[in-house]
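Below is one structure, written out as structure tokens; comments come after it.
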Amino acid sequence: MNAAATSPIERALALAHRALWAAVSTELAGGDPFAIDLPQVATTRVSVELLEMLGALYLFAELEGGGLMVVAEGIVNLRDELTSGGYALAAQLDAFALELPRMPAKRTRDLLFARLFGLGPLASLERADNHRFLGQLGALCTTLVRAGDARRFLAGAGTGATRLDAQASLVAADLAQGLAARAGADVVGIGRRIHALATRSQTLLSNPELLAVVGVRSPADLIRALAGDAAPDIGTSERRGRAGQHVLRWAGSTLDRRRDASPLPPDTAIIDQAAAWLAAAGAGANA
């Protein structure tokens, strides 16, 4: 196998292909389809735990942009108009409806995602929204991929990889500090409730009975059918969010190192995630 066939971009694309939203197994419907165990965060000071929480929120922000929660909310609010479907689907919709008032409303979510990530319809240049975030995340992913390329092609030797490792650590620290500064006291409580909403939404949209009622085969098809062809592709949103979540978690792992410690070299797994984010964002490592 040649080197090009095992490049980070190609490995990321292969991983992304296997993780397409339409292939999410309905066997996960009884649990957490995102497999996220949110950490206990006692303070909004920058920390590994806070970055893990913010990474999960970034995933949810991308899923919000892809229509996951708003489509699920719409179905729940219009549940009485569903003229077909059995008792199990009706019970699931009614249970969701009972919980919905306790979950963050769309405007609350949009304001939070704008403040943290500069994402969503309420992101505004007139407010102190985080318009630097996507550029910082893109720069970090690009640097991680380049560091991996340098290490692979130089067989771990030379100053190129070490210099890029140091650059990645600096960009990661800047990104982490910027996010932590925007994480107010509300982020932990809202984050857990958004997690619950996203889990409920994914479980509902994966329900085979609901898919049959609407006449579609997958959650992605369902979102497209109800939100229109102009809606963002939920598969791309999910891949970008998943990859970004992993990169933010890695950024958090660099925080506890001593200032005089050597830069933390990225491993293959995080390089693949960085490449996956760049691919889903439509950017390459040389962009």
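By order in the structure tokens, chains are A, B, ...; within a chain, residues start at 1; ligands start at 1, following the order shown.
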Task: Residue neighbourhood Arg242 in chain A, 9 Å, only C-alpha atoms, exclusion window fewer than 6 positions, as number ranges by chain - done: A: 55-56, 58-59, 62, 273, 276-277
Open item on the list: as number ranges by chain, please: the residues near Ala251 in chain A (cut-off 8 Å, only C-alpha atoms, same-chain neighbours under 2 positions excluded).
Closed with: A: 51, 169, 172-173, 175-176, 247-249, 253-255
For the selection you just gave me, I'd like the residues written to a file as a PDB file, in the first residue's frame, keeping N, CA, C and O atoms.
ATOM      1  N   LEU A  51     -13.274  21.601  28.829  1.00  0.00           N
ATOM      2  CA  LEU A  51     -13.100  21.432  27.381  1.00  0.00           C
ATOM      3  C   LEU A  51     -13.846  20.206  26.879  1.00  0.00           C
ATOM      4  O   LEU A  51     -14.354  20.196  25.753  1.00  0.00           O
ATOM      5  N   SER A 169       0.301  23.098  20.128  1.00  0.00           N
ATOM      6  CA  SER A 169       0.038  23.316  21.550  1.00  0.00           C
ATOM      7  C   SER A 169      -0.341  24.767  21.827  1.00  0.00           C
ATOM      8  O   SER A 169      -1.234  25.047  22.635  1.00  0.00           O
ATOM      9  N   ALA A 172      -3.842  25.331  20.461  1.00  0.00           N
ATOM     10  CA  ALA A 172      -4.797  24.645  21.335  1.00  0.00           C
ATOM     11  C   ALA A 172      -5.037  25.444  22.609  1.00  0.00           C
ATOM     12  O   ALA A 172      -6.179  25.580  23.067  1.00  0.00           O
ATOM     13  N   ALA A 173      -3.967  25.979  23.193  1.00  0.00           N
ATOM     14  CA  ALA A 173      -4.112  26.759  24.424  1.00  0.00           C
ATOM     15  C   ALA A 173      -4.923  28.025  24.178  1.00  0.00           C
ATOM     16  O   ALA A 173      -5.789  28.399  24.984  1.00  0.00           O
ATOM     17  N   LEU A 175      -7.166  28.502  21.817  1.00  0.00           N
ATOM     18  CA  LEU A 175      -8.547  28.082  21.585  1.00  0.00           C
ATOM     19  C   LEU A 175      -9.240  27.751  22.903  1.00  0.00           C
ATOM     20  O   LEU A 175     -10.380  28.174  23.153  1.00  0.00           O
ATOM     21  N   ALA A 176      -8.559  27.000  23.764  1.00  0.00           N
ATOM     22  CA  ALA A 176      -9.146  26.595  25.041  1.00  0.00           C
ATOM     23  C   ALA A 176      -9.418  27.802  25.932  1.00  0.00           C
ATOM     24  O   ALA A 176     -10.489  27.905  26.551  1.00  0.00           O
ATOM     25  N   VAL A 247     -11.145  16.863  18.773  1.00  0.00           N
ATOM     26  CA  VAL A 247     -10.025  17.812  18.737  1.00  0.00           C
ATOM     27  C   VAL A 247     -10.067  18.732  19.955  1.00  0.00           C
ATOM     28  O   VAL A 247      -9.025  19.028  20.560  1.00  0.00           O
ATOM     29  N   LEU A 248     -11.254  19.176  20.345  1.00  0.00           N
ATOM     30  CA  LEU A 248     -11.363  20.028  21.532  1.00  0.00           C
ATOM     31  C   LEU A 248     -10.978  19.258  22.795  1.00  0.00           C
ATOM     32  O   LEU A 248     -10.355  19.813  23.703  1.00  0.00           O
ATOM     33  N   ARG A 249     -11.338  17.994  22.844  1.00  0.00           N
ATOM     34  CA  ARG A 249     -10.928  17.174  23.990  1.00  0.00           C
ATOM     35  C   ARG A 249      -9.404  17.069  24.035  1.00  0.00           C
ATOM     36  O   ARG A 249      -8.798  17.143  25.108  1.00  0.00           O
ATOM     37  N   SER A 253      -6.508  18.282  26.831  1.00  0.00           N
ATOM     38  CA  SER A 253      -5.474  17.417  27.421  1.00  0.00           C
ATOM     39  C   SER A 253      -4.114  18.089  27.463  1.00  0.00           C
ATOM     40  O   SER A 253      -3.214  17.633  28.173  1.00  0.00           O
ATOM     41  N   THR A 254      -3.931  19.170  26.715  1.00  0.00           N
ATOM     42  CA  THR A 254      -2.641  19.873  26.721  1.00  0.00           C
ATOM     43  C   THR A 254      -2.542  20.879  27.862  1.00  0.00           C
ATOM     44  O   THR A 254      -1.471  21.444  28.093  1.00  0.00           O
ATOM     45  N   LEU A 255      -3.636  21.108  28.588  1.00  0.00           N
ATOM     46  CA  LEU A 255      -3.678  22.217  29.536  1.00  0.00           C
ATOM     47  C   LEU A 255      -2.888  21.951  30.810  1.00  0.00           C
ATOM     48  O   LEU A 255      -2.360  22.881  31.419  1.00  0.00           O
TER      49      LEU A 255
END
So which residues touch Arg79 in chain A within 12 Å, counting only C-alpha atoms, skipping near sequence neighbours fewer than 6 positions away, as a PDB file with all heavy atoms, in the first residue's frame?
ATOM      1  N   ALA A  72     -37.189  17.392  15.356  1.00  0.00           N
ATOM      2  CA  ALA A  72     -37.805  16.553  16.388  1.00  0.00           C
ATOM      3  C   ALA A  72     -38.849  17.341  17.171  1.00  0.00           C
ATOM      4  O   ALA A  72     -39.953  16.840  17.449  1.00  0.00           O
ATOM      5  CB  ALA A  72     -36.731  16.003  17.321  1.00  0.00           C
ATOM      6  N   GLU A  73     -38.515  18.582  17.537  1.00  0.00           N
ATOM      7  CA  GLU A  73     -39.475  19.420  18.264  1.00  0.00           C
ATOM      8  C   GLU A  73     -40.734  19.657  17.427  1.00  0.00           C
ATOM      9  O   GLU A  73     -41.858  19.640  17.952  1.00  0.00           O
ATOM     10  CB  GLU A  73     -38.829  20.757  18.624  1.00  0.00           C
ATOM     11  CG  GLU A  73     -37.784  20.660  19.722  1.00  0.00           C
ATOM     12  CD  GLU A  73     -36.983  21.938  19.874  1.00  0.00           C
ATOM     13  OE1 GLU A  73     -36.618  22.547  18.847  1.00  0.00           O
ATOM     14  OE2 GLU A  73     -36.723  22.334  21.027  1.00  0.00           O
ATOM     15  N   GLY A  85     -49.552   5.276  12.709  1.00  0.00           N
ATOM     16  CA  GLY A  85     -48.553   4.993  13.732  1.00  0.00           C
ATOM     17  C   GLY A  85     -49.217   4.324  14.914  1.00  0.00           C
ATOM     18  O   GLY A  85     -50.378   4.594  15.235  1.00  0.00           O
ATOM     19  N   LEU A  89     -45.192   4.497  19.210  1.00  0.00           N
ATOM     20  CA  LEU A  89     -44.767   5.799  18.697  1.00  0.00           C
ATOM     21  C   LEU A  89     -45.508   6.919  19.414  1.00  0.00           C
ATOM     22  O   LEU A  89     -44.906   7.935  19.797  1.00  0.00           O
ATOM     23  CB  LEU A  89     -45.008   5.874  17.191  1.00  0.00           C
ATOM     24  CG  LEU A  89     -44.710   7.229  16.525  1.00  0.00           C
ATOM     25  CD1 LEU A  89     -43.256   7.635  16.745  1.00  0.00           C
ATOM     26  CD2 LEU A  89     -45.030   7.176  15.030  1.00  0.00           C
ATOM     27  N   ALA A  90     -46.812   6.749  19.613  1.00  0.00           N
ATOM     28  CA  ALA A  90     -47.588   7.774  20.313  1.00  0.00           C
ATOM     29  C   ALA A  90     -47.074   7.979  21.732  1.00  0.00           C
ATOM     30  O   ALA A  90     -46.969   9.119  22.216  1.00  0.00           O
ATOM     31  CB  ALA A  90     -49.065   7.380  20.327  1.00  0.00           C
ATOM     32  N   ALA A  91     -46.730   6.889  22.405  1.00  0.00           N
ATOM     33  CA  ALA A  91     -46.212   6.993  23.769  1.00  0.00           C
ATOM     34  C   ALA A  91     -44.869   7.710  23.790  1.00  0.00           C
ATOM     35  O   ALA A  91     -44.596   8.524  24.685  1.00  0.00           O
ATOM     36  CB  ALA A  91     -46.083   5.595  24.376  1.00  0.00           C
ATOM     37  N   GLN A  92     -44.017   7.423  22.812  1.00  0.00           N
ATOM     38  CA  GLN A  92     -42.722   8.092  22.740  1.00  0.00           C
ATOM     39  C   GLN A  92     -42.898   9.589  22.505  1.00  0.00           C
ATOM     40  O   GLN A  92     -42.226  10.416  23.136  1.00  0.00           O
ATOM     41  CB  GLN A  92     -41.875   7.484  21.617  1.00  0.00           C
ATOM     42  CG  GLN A  92     -40.470   8.072  21.528  1.00  0.00           C
ATOM     43  CD  GLN A  92     -39.650   7.463  20.401  1.00  0.00           C
ATOM     44  OE1 GLN A  92     -40.178   6.757  19.545  1.00  0.00           O
ATOM     45  NE2 GLN A  92     -38.356   7.732  20.400  1.00  0.00           N
ATOM     46  N   LEU A  93     -43.810   9.954  21.621  1.00  0.00           N
ATOM     47  CA  LEU A  93     -44.064  11.365  21.345  1.00  0.00           C
ATOM     48  C   LEU A  93     -44.635  12.074  22.573  1.00  0.00           C
ATOM     49  O   LEU A  93     -44.243  13.206  22.891  1.00  0.00           O
ATOM     50  CB  LEU A  93     -45.020  11.495  20.161  1.00  0.00           C
ATOM     51  CG  LEU A  93     -44.439  11.134  18.792  1.00  0.00           C
ATOM     52  CD1 LEU A  93     -45.551  10.986  17.760  1.00  0.00           C
ATOM     53  CD2 LEU A  93     -43.431  12.181  18.342  1.00  0.00           C
ATOM     54  N   ASP A  94     -45.541  11.421  23.277  1.00  0.00           N
ATOM     55  CA  ASP A  94     -46.139  12.040  24.463  1.00  0.00           C
ATOM     56  C   ASP A  94     -45.105  12.214  25.575  1.00  0.00           C
ATOM     57  O   ASP A  94     -45.087  13.239  26.271  1.00  0.00           O
ATOM     58  CB  ASP A  94     -47.313  11.195  24.967  1.00  0.00           C
ATOM     59  CG  ASP A  94     -48.534  11.299  24.067  1.00  0.00           C
ATOM     60  OD1 ASP A  94     -48.607  12.261  23.272  1.00  0.00           O
ATOM     61  OD2 ASP A  94     -49.412  10.415  24.150  1.00  0.00           O
ATOM     62  N   ALA A  95     -44.227  11.223  25.744  1.00  0.00           N
ATOM     63  CA  ALA A  95     -43.180  11.333  26.763  1.00  0.00           C
ATOM     64  C   ALA A  95     -42.227  12.477  26.432  1.00  0.00           C
ATOM     65  O   ALA A  95     -41.803  13.234  27.314  1.00  0.00           O
ATOM     66  CB  ALA A  95     -42.423  10.011  26.869  1.00  0.00           C
ATOM     67  N   PHE A  96     -41.884  12.611  25.160  1.00  0.00           N
ATOM     68  CA  PHE A  96     -41.025  13.707  24.710  1.00  0.00           C
ATOM     69  C   PHE A  96     -41.715  15.043  24.985  1.00  0.00           C
ATOM     70  O   PHE A  96     -41.096  16.001  25.475  1.00  0.00           O
ATOM     71  CB  PHE A  96     -40.735  13.536  23.219  1.00  0.00           C
ATOM     72  CG  PHE A  96     -39.542  14.298  22.700  1.00  0.00           C
ATOM     73  CD1 PHE A  96     -38.862  13.847  21.574  1.00  0.00           C
ATOM     74  CD2 PHE A  96     -39.096  15.469  23.299  1.00  0.00           C
ATOM     75  CE1 PHE A  96     -37.768  14.535  21.071  1.00  0.00           C
ATOM     76  CE2 PHE A  96     -38.002  16.171  22.803  1.00  0.00           C
ATOM     77  CZ  PHE A  96     -37.343  15.708  21.683  1.00  0.00           C
ATOM     78  N   ALA A  97     -43.012  15.112  24.675  1.00  0.00           N
ATOM     79  CA  ALA A  97     -43.757  16.356  24.872  1.00  0.00           C
ATOM     80  C   ALA A  97     -43.776  16.776  26.340  1.00  0.00           C
ATOM     81  O   ALA A  97     -43.719  17.976  26.657  1.00  0.00           O
ATOM     82  CB  ALA A  97     -45.184  16.195  24.351  1.00  0.00           C
ATOM     83  N   LEU A 204     -35.918   9.618  18.633  1.00  0.00           N
ATOM     84  CA  LEU A 204     -37.199   9.758  17.940  1.00  0.00           C
ATOM     85  C   LEU A 204     -37.029   9.638  16.431  1.00  0.00           C
ATOM     86  O   LEU A 204     -37.765   8.893  15.768  1.00  0.00           O
ATOM     87  CB  LEU A 204     -37.837  11.105  18.287  1.00  0.00           C
ATOM     88  CG  LEU A 204     -39.121  11.449  17.522  1.00  0.00           C
ATOM     89  CD1 LEU A 204     -40.225  10.444  17.836  1.00  0.00           C
ATOM     90  CD2 LEU A 204     -39.576  12.870  17.837  1.00  0.00           C
ATOM     91  N   LEU A 210     -41.793   5.759  12.906  1.00  0.00           N
ATOM     92  CA  LEU A 210     -41.921   7.135  12.418  1.00  0.00           C
ATOM     93  C   LEU A 210     -41.393   7.245  10.993  1.00  0.00           C
ATOM     94  O   LEU A 210     -42.005   7.911  10.141  1.00  0.00           O
ATOM     95  CB  LEU A 210     -41.165   8.092  13.343  1.00  0.00           C
ATOM     96  CG  LEU A 210     -41.150   9.559  12.912  1.00  0.00           C
ATOM     97  CD1 LEU A 210     -42.561  10.136  12.869  1.00  0.00           C
ATOM     98  CD2 LEU A 210     -40.269  10.389  13.848  1.00  0.00           C
ATOM     99  N   VAL A 213     -43.999   5.953   8.722  1.00  0.00           N
ATOM    100  CA  VAL A 213     -45.148   6.857   8.608  1.00  0.00           C
ATOM    101  C   VAL A 213     -44.860   7.970   7.608  1.00  0.00           C
ATOM    102  O   VAL A 213     -45.710   8.334   6.777  1.00  0.00           O
ATOM    103  CB  VAL A 213     -45.507   7.444   9.986  1.00  0.00           C
ATOM    104  CG1 VAL A 213     -46.481   8.615   9.845  1.00  0.00           C
ATOM    105  CG2 VAL A 213     -46.109   6.366  10.879  1.00  0.00           C
TER     106      VAL A 213
END
Task: Option closest in space to Ala114 in chain A, from A:Gly65, A:Pro208, A:Gly228, A:Gly74 [counting only C-alpha atoms] - done: A:Gly65
Open item on the list: Among range 69-226 of chain A, which ones does DSSP assign to alpha helix (DSSP H) (computed from the backbone)? Answer as JSON, numbers by chain.
Closed with: {"A": [69, 70, 71, 72, 73, 74, 75, 76, 77, 87, 88, 89, 90, 91, 92, 93, 94, 95, 96, 97, 98, 99, 106, 107, 108, 109, 110, 111, 112, 113, 114, 115, 116, 117, 133, 134, 135, 136, 137, 138, 139, 140, 141, 142, 143, 144, 145, 146, 147, 148, 149, 150, 151, 152, 153, 159, 160, 161, 162, 163, 164, 165, 166, 167, 168, 169, 170, 171, 172, 173, 174, 175, 176, 177, 178, 179, 180, 181, 182, 187, 188, 189, 190, 191, 192, 193, 194, 195, 196, 197, 198, 199, 200, 201, 202, 203, 204, 205, 208, 209, 210, 211, 212, 213, 214, 219, 220, 221, 222, 223, 224, 225, 226]}
TODO: Please provide as a VMD selection string all residues within 9 Å of Arg182 in chain A, with the sequence filter that same-chain residues fewer than 3 positions apart are discarded (counting only C-alpha atoms).
DONE: chain A and resid 44 115 to 116 129 to 130 177 to 179
Selection from above, N, CA, C and O atoms, as a compact mmCIF listing (two decimals), in the first residue's frame, can you write it?
# COMPACT_ATOMS: atom_id res chain seq x y z
N THR A 44 -16.06 27.13 35.86
CA THR A 44 -15.86 27.44 34.45
C THR A 44 -14.43 27.92 34.18
O THR A 44 -14.15 28.46 33.12
N ARG A 115 -22.66 32.43 21.21
CA ARG A 115 -21.69 32.95 22.18
C ARG A 115 -20.42 32.11 22.23
O ARG A 115 -19.31 32.63 22.27
N LEU A 116 -20.60 30.79 22.20
CA LEU A 116 -19.44 29.90 22.34
C LEU A 116 -18.69 29.70 21.03
O LEU A 116 -17.45 29.72 21.01
N ASP A 129 -20.06 37.63 20.06
CA ASP A 129 -20.09 36.22 19.73
C ASP A 129 -18.69 35.77 19.29
O ASP A 129 -17.86 36.58 18.87
N ASN A 130 -18.46 34.48 19.38
CA ASN A 130 -17.11 33.95 19.17
C ASN A 130 -16.84 33.71 17.68
O ASN A 130 -16.82 32.57 17.22
N GLN A 177 -8.47 28.71 26.00
CA GLN A 177 -8.66 29.90 26.84
C GLN A 177 -9.81 30.76 26.34
O GLN A 177 -10.61 31.28 27.12
N GLY A 178 -9.91 30.90 25.02
CA GLY A 178 -10.99 31.70 24.45
C GLY A 178 -12.36 31.11 24.73
O GLY A 178 -13.31 31.83 25.05
N LEU A 179 -12.47 29.79 24.61
CA LEU A 179 -13.75 29.13 24.90
C LEU A 179 -14.10 29.24 26.38
O LEU A 179 -15.25 29.52 26.73
- [ ] Determine, counting only C-alpha atoms, which protein, DNA and RNA residues have an atom within 7 Å of an atom of Pro104 in chain A; residues of the same chain fewer than 6 positions away are not included. Present the result as a PyMOL selection string.
- [x] chain A and resi 190+193-194
Put those residues in a file: N, CA and C atoms, as a tab-separated table (two decimals), in the first residue's frame.
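So the final result, stored in part_27.tsv, reads:
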chain	number	residue	atom	x	y	z
A	190	ILE	N	-27.14	23.99	31.21
A	190	ILE	CA	-27.74	23.99	29.88
A	190	ILE	C	-27.15	22.86	29.04
A	193	ARG	N	-28.87	19.61	29.70
A	193	ARG	CA	-30.24	19.57	29.17
A	193	ARG	C	-30.24	19.50	27.64
A	194	ILE	N	-29.27	20.14	27.00
A	194	ILE	CA	-29.16	20.02	25.55
A	194	ILE	C	-28.78	18.59	25.17
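Across the structure, CA of Val48 in chain A and CA of Gly138 in chain A are spaced 20.2 Å apart.
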- [ ] Just the residues within 12 Å of Val71 in chain A, please, counting only C-alpha atoms, with nothing from its chain fewer than 6 positions along; format it as number ranges by chain.
- [x] A: 63-65, 77-78, 106, 197-198, 200-202, 204-205, 219-228, 231, 234
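You will find CA of Val187 in chain A at 9.1 Å from CA of Leu57 in chain A.
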- [ ] Determine, counting only C-alpha atoms, which protein, DNA and RNA residues have an atom within 10 Å of an atom of Pro265 in chain A; residues of the same chain fewer than 6 positions away are not included. Present the result as a PyMOL selection string.
- [x] chain A and resi 144+147-148+151+161-162+164-166+168-169+254
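Coordinates place CA of Thr83 in chain A at a distance of 16.4 Å from CA of Val216 in chain A.
Distances here use only C-alpha atoms; by that measure, the residue among A:Leu140, A:Val188, A:Phe60, A:Pro121 closest to Ala274 in chain A is A:Leu140.
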